[in-house]
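Q: What follows is the file data-v1.cif, containing mmCIF, C-alpha atoms:
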data_target
#
loop_
_atom_site.group_PDB
_atom_site.id
_atom_site.type_symbol
_atom_site.label_atom_id
_atom_site.label_comp_id
_atom_site.auth_asym_id
_atom_site.auth_seq_id
_atom_site.Cartn_x
_atom_site.Cartn_y
_atom_site.Cartn_z
ATOM 1 C CA MET A 1 -108.617 5.794 107.159
ATOM 2 C CA LYS A 2 -108.454 1.983 107.269
ATOM 3 C CA PRO A 3 -105.364 0.174 105.956
ATOM 4 C CA MET A 4 -105.451 -0.123 102.152
ATOM 5 C CA PHE A 5 -105.456 -3.620 100.659
ATOM 6 C CA SER A 6 -106.073 -2.543 97.064
ATOM 7 C CA LEU A 7 -107.185 0.476 95.059
ATOM 8 C CA SER A 8 -108.873 0.689 91.663
ATOM 9 C CA ILE A 9 -109.579 3.635 89.408
ATOM 10 C CA ALA A 10 -112.163 3.595 86.626
ATOM 11 C CA ALA A 11 -112.308 6.872 84.739
ATOM 12 C CA ARG A 12 -113.274 8.564 81.523
ATOM 13 C CA ALA A 13 -110.901 11.276 80.330
ATOM 14 C CA VAL A 14 -111.490 13.778 77.558
ATOM 15 C CA LEU A 15 -108.232 14.227 75.629
ATOM 16 C CA ASN A 16 -108.079 16.600 72.687
ATOM 17 C CA LEU A 17 -105.497 16.747 69.889
ATOM 18 C CA HIS A 18 -103.073 14.197 71.293
ATOM 19 C CA SER A 19 -100.698 11.801 69.579
ATOM 20 C CA LEU A 20 -99.252 10.055 72.621
ATOM 21 C CA ASN A 21 -98.879 6.569 71.165
ATOM 22 C CA ASN A 22 -98.440 5.650 67.482
ATOM 23 C CA GLU A 23 -97.763 2.443 65.564
ATOM 24 C CA GLY A 24 -94.865 3.915 63.600
ATOM 25 C CA GLY A 25 -94.454 5.474 60.191
ATOM 26 C CA GLU A 26 -94.859 4.454 56.594
ATOM 27 C CA GLY A 27 -93.317 6.825 54.102
ATOM 28 C CA ASN A 28 -94.320 10.322 55.182
ATOM 29 C CA GLN A 29 -97.409 9.130 57.083
ATOM 30 C CA ILE A 30 -97.340 8.530 60.867
ATOM 31 C CA GLN A 31 -99.783 5.767 61.731
ATOM 32 C CA THR A 32 -101.878 6.127 64.858
ATOM 33 C CA ARG A 33 -102.459 3.151 67.174
ATOM 34 C CA MET A 34 -105.853 1.512 66.728
ATOM 35 C CA VAL A 35 -107.465 -1.414 68.586
ATOM 36 C CA ASN A 36 -110.721 -3.362 68.339
ATOM 37 C CA VAL A 37 -113.124 -3.285 71.298
ATOM 38 C CA PHE A 38 -116.548 -4.841 71.778
ATOM 39 C CA ALA A 39 -119.386 -2.515 72.751
ATOM 40 C CA ASP A 40 -123.069 -2.079 71.884
ATOM 41 C CA GLY A 41 -123.202 -5.612 70.554
ATOM 42 C CA ARG A 42 -120.492 -5.210 67.932
ATOM 43 C CA LEU A 43 -116.795 -4.573 67.400
ATOM 44 C CA HIS A 44 -115.438 -1.044 66.998
ATOM 45 C CA SER A 45 -112.024 0.131 65.806
ATOM 46 C CA VAL A 46 -110.894 2.981 68.061
ATOM 47 C CA ASN A 47 -107.775 4.981 68.845
ATOM 48 C CA ALA A 48 -105.863 3.789 71.920
ATOM 49 C CA ILE A 49 -102.848 4.419 74.128
ATOM 50 C CA SER A 50 -101.127 1.272 75.349
ATOM 51 C CA GLY A 51 -100.966 0.351 79.012
ATOM 52 C CA ASP A 52 -97.183 0.112 78.529
ATOM 53 C CA MET A 53 -97.106 3.816 77.697
ATOM 54 C CA PHE A 54 -99.071 4.784 80.819
ATOM 55 C CA LYS A 55 -96.986 2.429 82.975
ATOM 56 C CA HIS A 56 -93.846 4.173 81.679
ATOM 57 C CA ILE A 57 -95.374 7.581 82.487
ATOM 58 C CA GLN A 58 -96.213 6.435 86.023
ATOM 59 C CA SER A 59 -92.752 4.904 86.514
ATOM 60 C CA GLU A 60 -91.093 8.152 85.469
ATOM 61 C CA HIS A 61 -93.067 10.073 88.097
ATOM 62 C CA LEU A 62 -92.340 7.355 90.678
ATOM 63 C CA HIS A 63 -88.611 7.581 89.932
ATOM 64 C CA ARG A 64 -88.557 11.330 90.716
ATOM 65 C CA LEU A 65 -90.705 10.941 93.838
ATOM 66 C CA ALA A 66 -88.584 8.077 95.159
ATOM 67 C CA ILE A 67 -85.409 10.150 94.832
ATOM 68 C CA GLN A 68 -87.084 13.124 96.517
ATOM 69 C CA ALA A 69 -88.386 10.949 99.385
ATOM 70 C CA GLY A 70 -84.985 9.317 99.902
ATOM 71 C CA LEU A 71 -86.276 5.815 99.225
ATOM 72 C CA PRO A 72 -83.645 3.119 98.649
ATOM 73 C CA LEU A 73 -82.902 2.756 94.938
ATOM 74 C CA SER A 74 -80.683 0.496 92.897
ATOM 75 C CA ILE A 75 -78.122 2.195 90.661
ATOM 76 C CA GLY A 76 -80.189 1.251 87.621
ATOM 77 C CA ALA A 77 -83.413 2.655 89.063
ATOM 78 C CA ARG A 78 -81.676 5.881 90.101
ATOM 79 C CA LEU A 79 -80.472 6.290 86.508
ATOM 80 C CA PHE A 80 -83.996 5.431 85.278
ATOM 81 C CA ASN A 81 -82.568 2.471 83.436
ATOM 82 C CA ALA A 82 -85.318 0.112 82.263
ATOM 83 C CA ASN A 83 -83.393 -2.890 83.642
ATOM 84 C CA ARG A 84 -83.508 -1.466 87.181
ATOM 85 C CA ILE A 85 -81.943 -4.015 89.556
ATOM 86 C CA ASN A 86 -80.534 -6.049 86.636
ATOM 87 C CA TYR A 87 -78.279 -3.093 85.815
ATOM 88 C CA ASP A 88 -76.721 -3.371 89.292
ATOM 89 C CA LEU A 89 -76.107 -7.085 88.866
ATOM 90 C CA ASP A 90 -74.135 -6.366 85.693
ATOM 91 C CA ILE A 91 -71.830 -3.772 87.272
ATOM 92 C CA ASP A 92 -71.805 -4.556 91.013
ATOM 93 C CA LYS A 93 -70.091 -7.913 91.564
ATOM 94 C CA GLU A 94 -70.309 -7.523 95.356
ATOM 95 C CA PHE A 95 -74.121 -7.363 95.179
ATOM 96 C CA LEU A 96 -74.165 -10.323 92.776
ATOM 97 C CA ASN A 97 -72.070 -12.317 95.239
ATOM 98 C CA GLN A 98 -74.494 -11.404 98.048
ATOM 99 C CA LEU A 99 -77.320 -12.943 96.037
ATOM 100 C CA LYS A 100 -75.281 -16.077 95.382
ATOM 101 C CA GLU A 101 -74.573 -16.512 99.101
ATOM 102 C CA THR A 102 -78.286 -16.561 99.982
ATOM 103 C CA LYS A 103 -78.787 -19.887 98.128
ATOM 104 C CA SER A 104 -82.572 -19.424 97.767
ATOM 105 C CA ASN A 105 -84.901 -17.394 95.546
ATOM 106 C CA ALA A 106 -86.841 -16.144 98.571
ATOM 107 C CA ALA A 107 -83.713 -14.730 100.248
ATOM 108 C CA GLU A 108 -82.551 -13.204 96.954
ATOM 109 C CA LEU A 109 -85.901 -11.447 96.549
ATOM 110 C CA ASP A 110 -85.621 -10.079 100.104
ATOM 111 C CA LEU A 111 -82.306 -8.404 99.215
ATOM 112 C CA ILE A 112 -83.742 -7.025 95.976
ATOM 113 C CA LEU A 113 -86.838 -5.534 97.664
ATOM 114 C CA GLN A 114 -84.695 -3.977 100.387
ATOM 115 C CA ARG A 115 -82.239 -2.503 97.879
ATOM 116 C CA CYS A 116 -84.705 -0.956 95.402
ATOM 117 C CA ALA A 117 -88.131 0.602 96.028
ATOM 118 C CA VAL A 118 -88.826 1.094 92.312
ATOM 119 C CA THR A 119 -88.123 -2.568 91.531
ATOM 120 C CA ASP A 120 -90.399 -3.477 94.442
ATOM 121 C CA MET A 121 -93.340 -1.448 93.096
ATOM 122 C CA ALA A 122 -92.776 -1.394 89.319
ATOM 123 C CA GLY A 123 -91.582 -4.983 89.003
ATOM 124 C CA ALA A 124 -88.741 -6.651 87.099
ATOM 125 C CA LEU A 125 -87.510 -10.010 85.868
ATOM 126 C CA ILE A 126 -84.091 -10.767 87.339
ATOM 127 C CA THR A 127 -82.111 -12.696 84.725
ATOM 128 C CA ALA A 128 -78.465 -12.397 85.833
ATOM 129 C CA GLU A 129 -76.432 -15.629 85.892
ATOM 130 C CA ASN A 130 -79.253 -17.592 84.200
ATOM 131 C CA ARG A 131 -81.796 -16.592 86.862
ATOM 132 C CA SER A 132 -85.489 -16.269 86.145
ATOM 133 C CA LEU A 133 -86.688 -14.520 89.278
ATOM 134 C CA PRO A 134 -89.827 -12.411 88.707
ATOM 135 C CA ARG A 135 -91.064 -9.470 90.729
ATOM 136 C CA LYS A 136 -94.618 -8.654 89.646
ATOM 137 C CA SER A 137 -95.544 -4.974 89.597
ATOM 138 C CA VAL A 138 -97.954 -3.784 92.286
ATOM 139 C CA VAL A 139 -99.610 -1.331 89.861
ATOM 140 C CA GLU A 140 -101.411 -2.340 86.667
ATOM 141 C CA PHE A 141 -102.681 -0.230 83.759
ATOM 142 C CA GLY A 142 -105.112 -1.335 81.104
ATOM 143 C CA TRP A 143 -105.181 0.048 77.565
ATOM 144 C CA VAL A 144 -106.464 3.620 77.480
ATOM 145 C CA VAL A 145 -109.068 3.195 74.766
ATOM 146 C CA GLY A 146 -111.401 5.546 72.977
ATOM 147 C CA VAL A 147 -115.094 5.121 73.803
ATOM 148 C CA PRO A 148 -116.800 3.987 70.552
ATOM 149 C CA GLY A 149 -118.595 6.850 68.857
ATOM 150 C CA SER A 150 -116.794 9.412 71.030
ATOM 151 C CA VAL A 151 -113.302 9.554 69.526
ATOM 152 C CA LYS A 152 -111.889 10.581 66.158
ATOM 153 C CA THR A 153 -108.429 10.729 64.596
ATOM 154 C CA ASP A 154 -107.500 13.223 61.886
ATOM 155 C CA SER A 155 -104.294 13.535 59.904
ATOM 156 C CA TYR A 156 -102.675 16.939 59.502
ATOM 157 C CA PHE A 157 -100.237 18.068 56.830
ATOM 158 C CA HIS A 158 -96.884 19.492 57.962
ATOM 159 C CA VAL A 159 -93.859 20.730 56.079
ATOM 160 C CA LYS A 160 -90.678 22.476 57.160
ATOM 161 C CA PHE A 161 -89.025 25.036 54.905
ATOM 162 C CA GLU A 162 -85.533 26.478 55.119
ATOM 163 C CA SER A 163 -85.386 30.112 56.189
ATOM 164 C CA GLU A 164 -84.470 31.284 52.701
ATOM 165 C CA ARG A 165 -87.049 29.934 50.331
ATOM 166 C CA GLY A 166 -85.483 29.344 47.026
ATOM 167 C CA GLY A 167 -85.302 26.819 44.315
ATOM 168 C CA GLY A 168 -83.892 23.375 44.612
ATOM 169 C CA SER A 169 -85.157 20.235 46.243
ATOM 170 C CA ALA A 170 -84.196 18.542 49.473
ATOM 171 C CA GLY A 171 -80.778 16.976 49.673
ATOM 172 C CA VAL A 172 -78.257 15.583 52.152
ATOM 173 C CA ASP A 173 -74.881 17.213 52.771
ATOM 174 C CA GLU A 174 -71.628 15.444 53.726
ATOM 175 C CA SER A 175 -72.494 15.506 57.445
ATOM 176 C CA GLY A 176 -75.798 13.746 56.829
ATOM 177 C CA SER A 177 -77.933 16.864 57.482
ATOM 178 C CA ILE A 178 -80.940 17.498 55.282
ATOM 179 C CA THR A 179 -80.638 20.689 53.245
ATOM 180 C CA GLY A 180 -83.095 22.603 51.148
ATOM 181 C CA LYS A 181 -86.849 22.185 51.389
ATOM 182 C CA GLN A 182 -87.883 19.363 53.736
ATOM 183 C CA THR A 183 -90.140 16.488 52.748
ATOM 184 C CA PRO A 184 -93.784 17.099 53.733
ATOM 185 C CA PHE A 185 -95.374 14.641 56.162
ATOM 186 C CA HIS A 186 -98.725 13.838 57.757
ATOM 187 C CA ARG A 187 -99.126 13.711 61.532
ATOM 188 C CA PRO A 188 -102.191 12.315 63.373
ATOM 189 C CA ALA A 189 -104.087 13.970 66.213
ATOM 190 C CA SER A 190 -106.860 12.241 68.132
ATOM 191 C CA SER A 191 -109.642 13.757 70.225
ATOM 192 C CA GLY A 192 -112.392 12.223 72.298
ATOM 193 C CA VAL A 193 -113.428 10.352 75.414
ATOM 194 C CA TYR A 194 -111.041 7.654 76.662
ATOM 195 C CA ALA A 195 -111.614 4.817 79.137
ATOM 196 C CA ILE A 196 -108.916 4.296 81.795
ATOM 197 C CA VAL A 197 -108.533 1.481 84.340
ATOM 198 C CA VAL A 198 -105.818 1.291 87.008
ATOM 199 C CA GLN A 199 -105.347 -1.168 89.873
ATOM 200 C CA VAL A 200 -102.908 -0.938 92.799
ATOM 201 C CA GLU A 201 -102.114 -3.875 95.098
ATOM 202 C CA ALA A 202 -101.160 -1.810 98.133
ATOM 203 C CA ALA A 203 -100.762 -4.802 100.445
ATOM 204 C CA ARG A 204 -97.991 -6.219 98.231
ATOM 205 C CA VAL A 205 -95.649 -3.247 98.694
ATOM 206 C CA GLY A 206 -92.529 -4.793 100.232
ATOM 207 C CA PHE A 207 -94.099 -8.267 100.264
ATOM 208 C CA ASN A 208 -91.982 -11.245 99.245
ATOM 209 C CA ASP A 209 -94.350 -13.424 97.195
ATOM 210 C CA ILE A 210 -92.069 -16.455 97.560
ATOM 211 C CA SER A 211 -91.531 -16.488 101.338
ATOM 212 C CA GLN A 212 -94.958 -14.862 101.975
ATOM 213 C CA ARG A 213 -93.325 -12.371 104.337
ATOM 214 C CA TYR A 214 -92.477 -8.686 104.272
ATOM 215 C CA ALA A 215 -88.894 -7.779 103.439
ATOM 216 C CA ILE A 216 -89.144 -4.213 104.798
ATOM 217 C CA ASP A 217 -90.651 -2.582 107.887
ATOM 218 C CA ALA A 218 -94.039 -0.843 108.185
ATOM 219 C CA GLU A 219 -92.613 2.680 108.045
ATOM 220 C CA GLN A 220 -90.769 1.989 104.782
ATOM 221 C CA ARG A 221 -93.875 0.342 103.301
ATOM 222 C CA GLN A 222 -95.958 3.422 104.062
ATOM 223 C CA LYS A 223 -93.408 5.754 102.466
ATOM 224 C CA ARG A 224 -93.314 3.608 99.346
ATOM 225 C CA LEU A 225 -97.107 3.380 99.081
ATOM 226 C CA ARG A 226 -97.512 7.141 99.351
ATOM 227 C CA ALA A 227 -94.934 7.712 96.602
ATOM 228 C CA LEU A 228 -96.706 5.104 94.463
ATOM 229 C CA LEU A 229 -100.150 6.700 94.844
ATOM 230 C CA GLU A 230 -98.712 10.144 94.186
ATOM 231 C CA SER A 231 -97.113 8.884 90.965
ATOM 232 C CA VAL A 232 -100.512 7.543 89.835
ATOM 233 C CA LEU A 233 -102.062 10.968 90.457
ATOM 234 C CA TYR A 234 -99.357 12.689 88.407
ATOM 235 C CA THR A 235 -99.912 10.219 85.562
ATOM 236 C CA PHE A 236 -103.384 11.725 85.108
ATOM 237 C CA ILE A 237 -102.158 15.306 85.533
ATOM 238 C CA GLU A 238 -99.258 14.987 83.077
ATOM 239 C CA PRO A 239 -99.632 12.073 80.657
ATOM 240 C CA ALA A 240 -96.299 12.041 78.849
ATOM 241 C CA GLY A 241 -95.743 10.269 75.541
ATOM 242 C CA ALA A 242 -94.934 10.897 71.910
ATOM 243 C CA MET A 243 -95.124 14.252 70.121
ATOM 244 C CA ARG A 244 -95.805 16.331 73.220
ATOM 245 C CA THR A 245 -93.412 19.047 72.012
ATOM 246 C CA ALA A 246 -96.004 20.273 69.521
ATOM 247 C CA GLN A 247 -99.073 18.202 70.479
ATOM 248 C CA ASN A 248 -99.292 18.333 74.256
ATOM 249 C CA PRO A 249 -102.800 16.939 74.854
ATOM 250 C CA HIS A 250 -105.625 19.189 76.016
ATOM 251 C CA ILE A 251 -106.980 17.429 79.125
ATOM 252 C CA LEU A 252 -110.526 18.712 79.220
ATOM 253 C CA ASP A 253 -112.129 16.531 81.860
ATOM 254 C CA VAL A 254 -111.720 13.404 83.987
ATOM 255 C CA SER A 255 -114.608 11.673 85.750
ATOM 256 C CA GLY A 256 -115.178 8.325 87.400
ATOM 257 C CA VAL A 257 -114.737 6.497 90.679
ATOM 258 C CA ILE A 258 -111.944 5.311 92.994
ATOM 259 C CA SER A 259 -112.615 2.159 95.017
ATOM 260 C CA VAL A 260 -110.501 1.234 98.032
ATOM 261 C CA SER A 261 -110.517 -2.131 99.778
ATOM 262 C CA SER A 262 -109.535 -2.531 103.425
ATOM 263 C CA ASN A 263 -109.966 -6.292 103.490
ATOM 264 C CA VAL A 264 -108.567 -9.209 101.506
ATOM 265 C CA ILE A 265 -111.057 -8.677 98.677
ATOM 266 C CA PRO A 266 -110.281 -6.793 95.452
ATOM 267 C CA ALA A 267 -111.336 -3.196 95.021
ATOM 268 C CA PRO A 268 -114.021 -3.404 92.287
ATOM 269 C CA CYS A 269 -113.394 -1.911 88.873
ATOM 270 C CA ILE A 270 -115.738 -1.834 85.853
ATOM 271 C CA SER A 271 -114.539 -0.663 82.454
ATOM 272 C CA PRO A 272 -115.579 2.907 81.585
ATOM 273 C CA LEU A 273 -116.375 1.579 78.113
ATOM 274 C CA LYS A 274 -119.722 0.852 79.763
ATOM 275 C CA ASP A 275 -121.859 3.977 80.044
ATOM 276 C CA ASP A 276 -123.143 3.271 83.569
ATOM 277 C CA PHE A 277 -119.834 1.986 84.936
ATOM 278 C CA VAL A 278 -119.986 4.120 88.101
ATOM 279 C CA ALA A 279 -123.413 2.762 89.047
ATOM 280 C CA ASP A 280 -122.189 -0.777 88.390
ATOM 281 C CA VAL A 281 -119.153 -0.266 90.650
ATOM 282 C CA GLN A 282 -121.521 0.997 93.347
ATOM 283 C CA ARG A 283 -123.706 -2.131 93.041
ATOM 284 C CA VAL A 284 -120.700 -4.449 93.271
ATOM 285 C CA THR A 285 -119.484 -2.499 96.309
ATOM 286 C CA GLU A 286 -122.840 -2.852 98.059
ATOM 287 C CA SER A 287 -122.767 -6.608 97.445
ATOM 288 C CA LEU A 288 -119.219 -6.997 98.766
ATOM 289 C CA ASN A 289 -119.951 -4.860 101.828
ATOM 290 C CA LYS A 290 -122.778 -7.254 102.723
ATOM 291 C CA LEU A 291 -120.204 -10.046 102.874
ATOM 292 C CA HIS A 292 -117.555 -7.930 104.612
ATOM 293 C CA PRO A 293 -119.135 -4.847 106.253
ATOM 294 C CA GLU A 294 -117.458 -1.542 105.357
ATOM 295 C CA ALA A 295 -114.667 -3.322 103.498
ATOM 296 C CA ILE A 296 -114.967 -1.119 100.380
ATOM 297 C CA GLU A 297 -115.065 2.678 100.207
ATOM 298 C CA LEU A 298 -115.914 4.635 97.066
ATOM 299 C CA PHE A 299 -114.708 8.109 96.088
ATOM 300 C CA SER A 300 -116.393 9.527 92.995
ATOM 301 C CA PHE A 301 -115.112 12.522 91.024
ATOM 302 C CA ALA A 302 -116.500 14.639 88.186
ATOM 303 C CA SER A 303 -113.380 16.602 87.239
ATOM 304 C CA LEU A 304 -109.601 16.412 87.367
ATOM 305 C CA GLY A 305 -109.721 18.810 90.305
ATOM 306 C CA GLU A 306 -112.007 16.489 92.283
ATOM 307 C CA PHE A 307 -109.853 13.499 91.369
ATOM 308 C CA ALA A 308 -106.775 15.329 92.675
ATOM 309 C CA GLU A 309 -108.601 16.168 95.914
ATOM 310 C CA GLN A 310 -109.657 12.556 96.485
ATOM 311 C CA MET A 311 -106.222 11.152 95.651
ATOM 312 C CA SER A 312 -104.461 13.753 97.816
ATOM 313 C CA ARG A 313 -106.533 12.677 100.792
ATOM 314 C CA LEU A 314 -105.748 9.019 100.142
ATOM 315 C CA ILE A 315 -102.033 9.772 99.758
ATOM 316 C CA GLN A 316 -101.905 11.675 103.047
ATOM 317 C CA GLU A 317 -103.817 9.036 105.020
ATOM 318 C CA ALA A 318 -102.790 5.819 103.252
ATOM 319 C CA GLU A 319 -101.397 2.931 105.253
ATOM 320 C CA PRO A 320 -100.776 -0.396 103.505
ATOM 321 C CA PHE A 321 -102.757 -3.416 104.628
ATOM 322 C CA THR A 322 -100.575 -6.092 106.260
ATOM 323 C CA LEU A 323 -101.113 -9.570 104.877
ATOM 324 C CA PRO A 324 -100.922 -12.545 107.263
ATOM 325 C CA VAL A 325 -97.365 -13.863 107.048
ATOM 326 C CA VAL A 326 -96.123 -17.448 107.080
ATOM 327 C CA GLN A 327 -94.788 -18.477 110.475
ATOM 328 C CA GLY A 328 -91.657 -20.571 110.856
ATOM 329 C CA GLU A 329 -89.274 -21.692 108.152
#
Let me see whether you can do it: turn the structure in this file into structure tokens.
A:
Amino acid sequence: MKPMFSLSIAARAVLNLHSLNNEGGEGNQIQTRMVNVFADGRLHSVNAISGDMFKHIQSEHLHRLAIQAGLPLSIGARLFNANRINYDLDIDKEFLNQLKETKSNAAELDLILQRCAVTDMAGALITAENRSLPRKSVVEFGWVVGVPGSVKTDSYFHVKFESERGGGSAGVDESGSITGKQTPFHRPASSGVYAIVVQVEAARVGFNDISQRYAIDAEQRQKRLRALLESVLYTFIEPAGAMRTAQNPHILDVSGVISVSSNVIPAPCISPLKDDFVADVQRVTESLNKLHPEAIELFSFASLGEFAEQMSRLIQEAEPFTLPVVQGE
């Protein structure tokens, strides 16, 4: 396989009876997350799962894979602390002093990329000592949104009773525990077809955007890219989120297309909110390949099994594209 510059996934997933991402609660009613999307010439209000939620799911899988692969990790990343490298700067004065000695943002970012693979790929904003040094994530998730007319949310009544049903209403004892009959509540569950878009900038793994050079060697970049792609695969296989204890989603089907670029052009991605999105991706690919022959490859899939097969092949063969680096100081 050719070196991978970027990868995009456009897919429709059928999720049944999930409640992965909610707005919060009001009284005894849990409110599901809804967004407005434009389709068929008008706006539709549909159930959605935020890109933040899916990014967190992917980062959790990446964290486990990075530990298993022996990739370098900051203390914060190893603990799955959301601050990642910032956690180290709060507790490791020696590392903080190393950054101070570099005297440039580019050199600081080199040390950060070398120290932590998760910070490299998932991104962070380094704020210690009044810094504002960004590391943009190399993987991006859009909102996972219901296809208009193909998704519905229902609210279900739940109540928990004490084992011995007797008289008396709910109360709170001295320890703060609720006693007696519990308050009833309503919990949402959504089912339908959801549109998913994901983009991976494979060439930026280990790349210092300030100095325009790589901070790590080719072997380390390949290991990191393979862990990254594997974490994206697992995000589709096990989408974590809220209420999975009793409402683990039924993943019925996943279909769509993976596009992979081997040149400095983006891998095309069209929103699955459009019915013929796969055909549109194919047309864009044909146009781009006329400008840069064989620069884009497409891998279509009609089920989660086929998606896993295509991604497994990419993971095994993937090598990150090497961007031209700046010469001299």
Q: Which of these residues is nearest to Asp52 in chain A, using only C-alpha atoms: A:Phe207, A:Phe301, A:Tyr214, A:Phe141?
A: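 Closest residue, counting only C-alpha atoms: A:Phe141.
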Q: Using only C-alpha atoms, determine which residues lie at most 8 Å from Ser231 in chain A, disregarding the query and same-chain residues fewer than 2 positions distant; provide the list as a PyMOL selection string.
A: chain A and resi 58-59+61-62+65+227-229+233-235
Q: Of the candidates A:Asn97, A:Ala215, A:Val145, A:Asp40, which one gets nearest to Leu111 in chain A if we count all atoms listed in the file?
A: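 Of A:Asn97, A:Ala215, A:Val145, A:Asp40, the one nearest Leu111 in chain A is A:Ala215, counting all atoms listed in the file.
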Q: Record the distance separating CA of Arg213 in chain A and CA of Asp110 in chain A, expressed in Å with one decimal.
A: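 Atom-to-atom, CA of Arg213 in chain A to CA of Asp110 in chain A, that is 9.1 Å.
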Q: I'd like the interatomic distance between CA of Leu125 in chain A and CA of Val35 in chain A, to a tenth of an Å.
A: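 Going from CA of Leu125 in chain A over to CA of Val35 in chain A, I get 27.8 Å.
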Q: Excluding Arg313 in chain A and residues on its chain fewer than 5 positions from it, collect all residues at most 10 Å away from it, counting all atoms listed in the file, and give them as a ChimeraX atom specification.
A: /A:1,308,318
Q: Provide the CA of Gln310 in chain A to CA of Val151 in chain A distance in Å, to one decimal place.
A: 27.4 Å
Q: Which residue out of A:Asn208, A:Thr285, A:Asn263, A:Ser312 has the minimum interatomic distance to Val326 in chain A when all atoms listed in the file are used?
A: A:Asn208
Q: With the file shown as input, list the residues that the PyMOL selection byres ((chain A and resi 277) around 12) selects, as a list in words.
A: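 What the PyMOL selection byres ((chain A and resi 277) around 12) grabs from the file is Ile9, Ala10, Ala11, Arg12, Ala195, Ile196, Val197, Ser255, Gly256, Val257, Ile258, Pro268, Cys269, Ile270, Ser271, Pro272, Leu273, Lys274, Asp275, Asp276, Val278, Ala279, Asp280, Val281, Gln282, Arg283, Val284 and Ser300 of chain A.
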Q: Taking the file as I've supplied it (selection: the PyMOL selection byres ((chain A and resi 200) around 10)), which residues are included? Please answer as a JSON list (two decimals) with C-alpha atoms, in the frame of the given file.
A:
[["chain", "number", "residue", "atom", "x", "y", "z"],
["A", 4, "MET", "CA", -105.45, -0.12, 102.15],
["A", 5, "PHE", "CA", -105.46, -3.62, 100.66],
["A", 6, "SER", "CA", -106.07, -2.54, 97.06],
["A", 7, "LEU", "CA", -107.18, 0.48, 95.06],
["A", 8, "SER", "CA", -108.87, 0.69, 91.66],
["A", 9, "ILE", "CA", -109.58, 3.64, 89.41],
["A", 121, "MET", "CA", -93.34, -1.45, 93.10],
["A", 137, "SER", "CA", -95.54, -4.97, 89.60],
["A", 138, "VAL", "CA", -97.95, -3.78, 92.29],
["A", 139, "VAL", "CA", -99.61, -1.33, 89.86],
["A", 140, "GLU", "CA", -101.41, -2.34, 86.67],
["A", 141, "PHE", "CA", -102.68, -0.23, 83.76],
["A", 198, "VAL", "CA", -105.82, 1.29, 87.01],
["A", 199, "GLN", "CA", -105.35, -1.17, 89.87],
["A", 201, "GLU", "CA", -102.11, -3.88, 95.10],
["A", 202, "ALA", "CA", -101.16, -1.81, 98.13],
["A", 203, "ALA", "CA", -100.76, -4.80, 100.44],
["A", 204, "ARG", "CA", -97.99, -6.22, 98.23],
["A", 205, "VAL", "CA", -95.65, -3.25, 98.69],
["A", 225, "LEU", "CA", -97.11, 3.38, 99.08],
["A", 228, "LEU", "CA", -96.71, 5.10, 94.46],
["A", 229, "LEU", "CA", -100.15, 6.70, 94.84],
["A", 232, "VAL", "CA", -100.51, 7.54, 89.84],
["A", 260, "VAL", "CA", -110.50, 1.23, 98.03],
["A", 266, "PRO", "CA", -110.28, -6.79, 95.45],
["A", 267, "ALA", "CA", -111.34, -3.20, 95.02]]
Q: Given the choices A:Ala77, A:Ile85, A:Leu99, A:Val147, which gets closest to Ala48 in chain A if the distance is worked out from all atoms listed in the file?
A: A:Val147
Q: Considering only C-alpha atoms, state which residue in the set A:Glu129, A:Pro188, A:Asn81, A:Pro3 is at the smallest distance from Glu319 in chain A.
A: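 For Glu319 in chain A, the nearest of the given residues is A:Pro3.
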Q: Quick one: apply the PyMOL selection byres ((chain A and resi 15) around 7) to the file and drop the selected residues here as an MDAnalysis selection string.
A: chainID A and resid 13:14 16:18 191:193 249:252
Q: Between A:Asn248, A:Ser45, A:Ser104, A:Ser287, which residue has the minimum interatomic distance to Ser150 in chain A, considering all atoms listed in the file?
A: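 Looking at the shortest contact to Ser150 in chain A, the residue is A:Ser45.
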Q: How big is the axis-aligned box around the listed atoms of range 296-309 of chain A once 8 Å is added on each side, and where is its centre? Give both in Å to one decimal, as JSON.
A:
{"center_x": -111.6, "center_y": 8.8, "center_z": 93.8, "size_x": 25.7, "size_y": 35.9, "size_z": 29.1}
Q: Show me, as a count of residues only, the residues that have an atom within 8 Å of Asn36 in chain A when counting only C-alpha atoms, minus same-chain residues fewer than 3 positions from it.
A: 4
Q: Could you check which residues have any atom within 10 Å of (-80.6, -12.4, 84.5), counting only C-alpha atoms with coordinates taken straight from the file, and then list them as a PyMOL selection string?
A: chain A and resi 83+85-87+89-90+125-133
Q: With C-alpha atoms retained, export the selected residues as a short mmCIF file (atom, residue, chain, number, x, y, z; two decimals), in the coordinates of the input.
A:
data_model
loop_
_atom_site.label_atom_id
_atom_site.label_comp_id
_atom_site.auth_asym_id
_atom_site.auth_seq_id
_atom_site.Cartn_x
_atom_site.Cartn_y
_atom_site.Cartn_z
CA ASN A 83 -83.39 -2.89 83.64
CA ILE A 85 -81.94 -4.01 89.56
CA ASN A 86 -80.53 -6.05 86.64
CA TYR A 87 -78.28 -3.09 85.82
CA LEU A 89 -76.11 -7.08 88.87
CA ASP A 90 -74.14 -6.37 85.69
CA LEU A 125 -87.51 -10.01 85.87
CA ILE A 126 -84.09 -10.77 87.34
CA THR A 127 -82.11 -12.70 84.72
CA ALA A 128 -78.46 -12.40 85.83
CA GLU A 129 -76.43 -15.63 85.89
CA ASN A 130 -79.25 -17.59 84.20
CA ARG A 131 -81.80 -16.59 86.86
CA SER A 132 -85.49 -16.27 86.14
CA LEU A 133 -86.69 -14.52 89.28
#
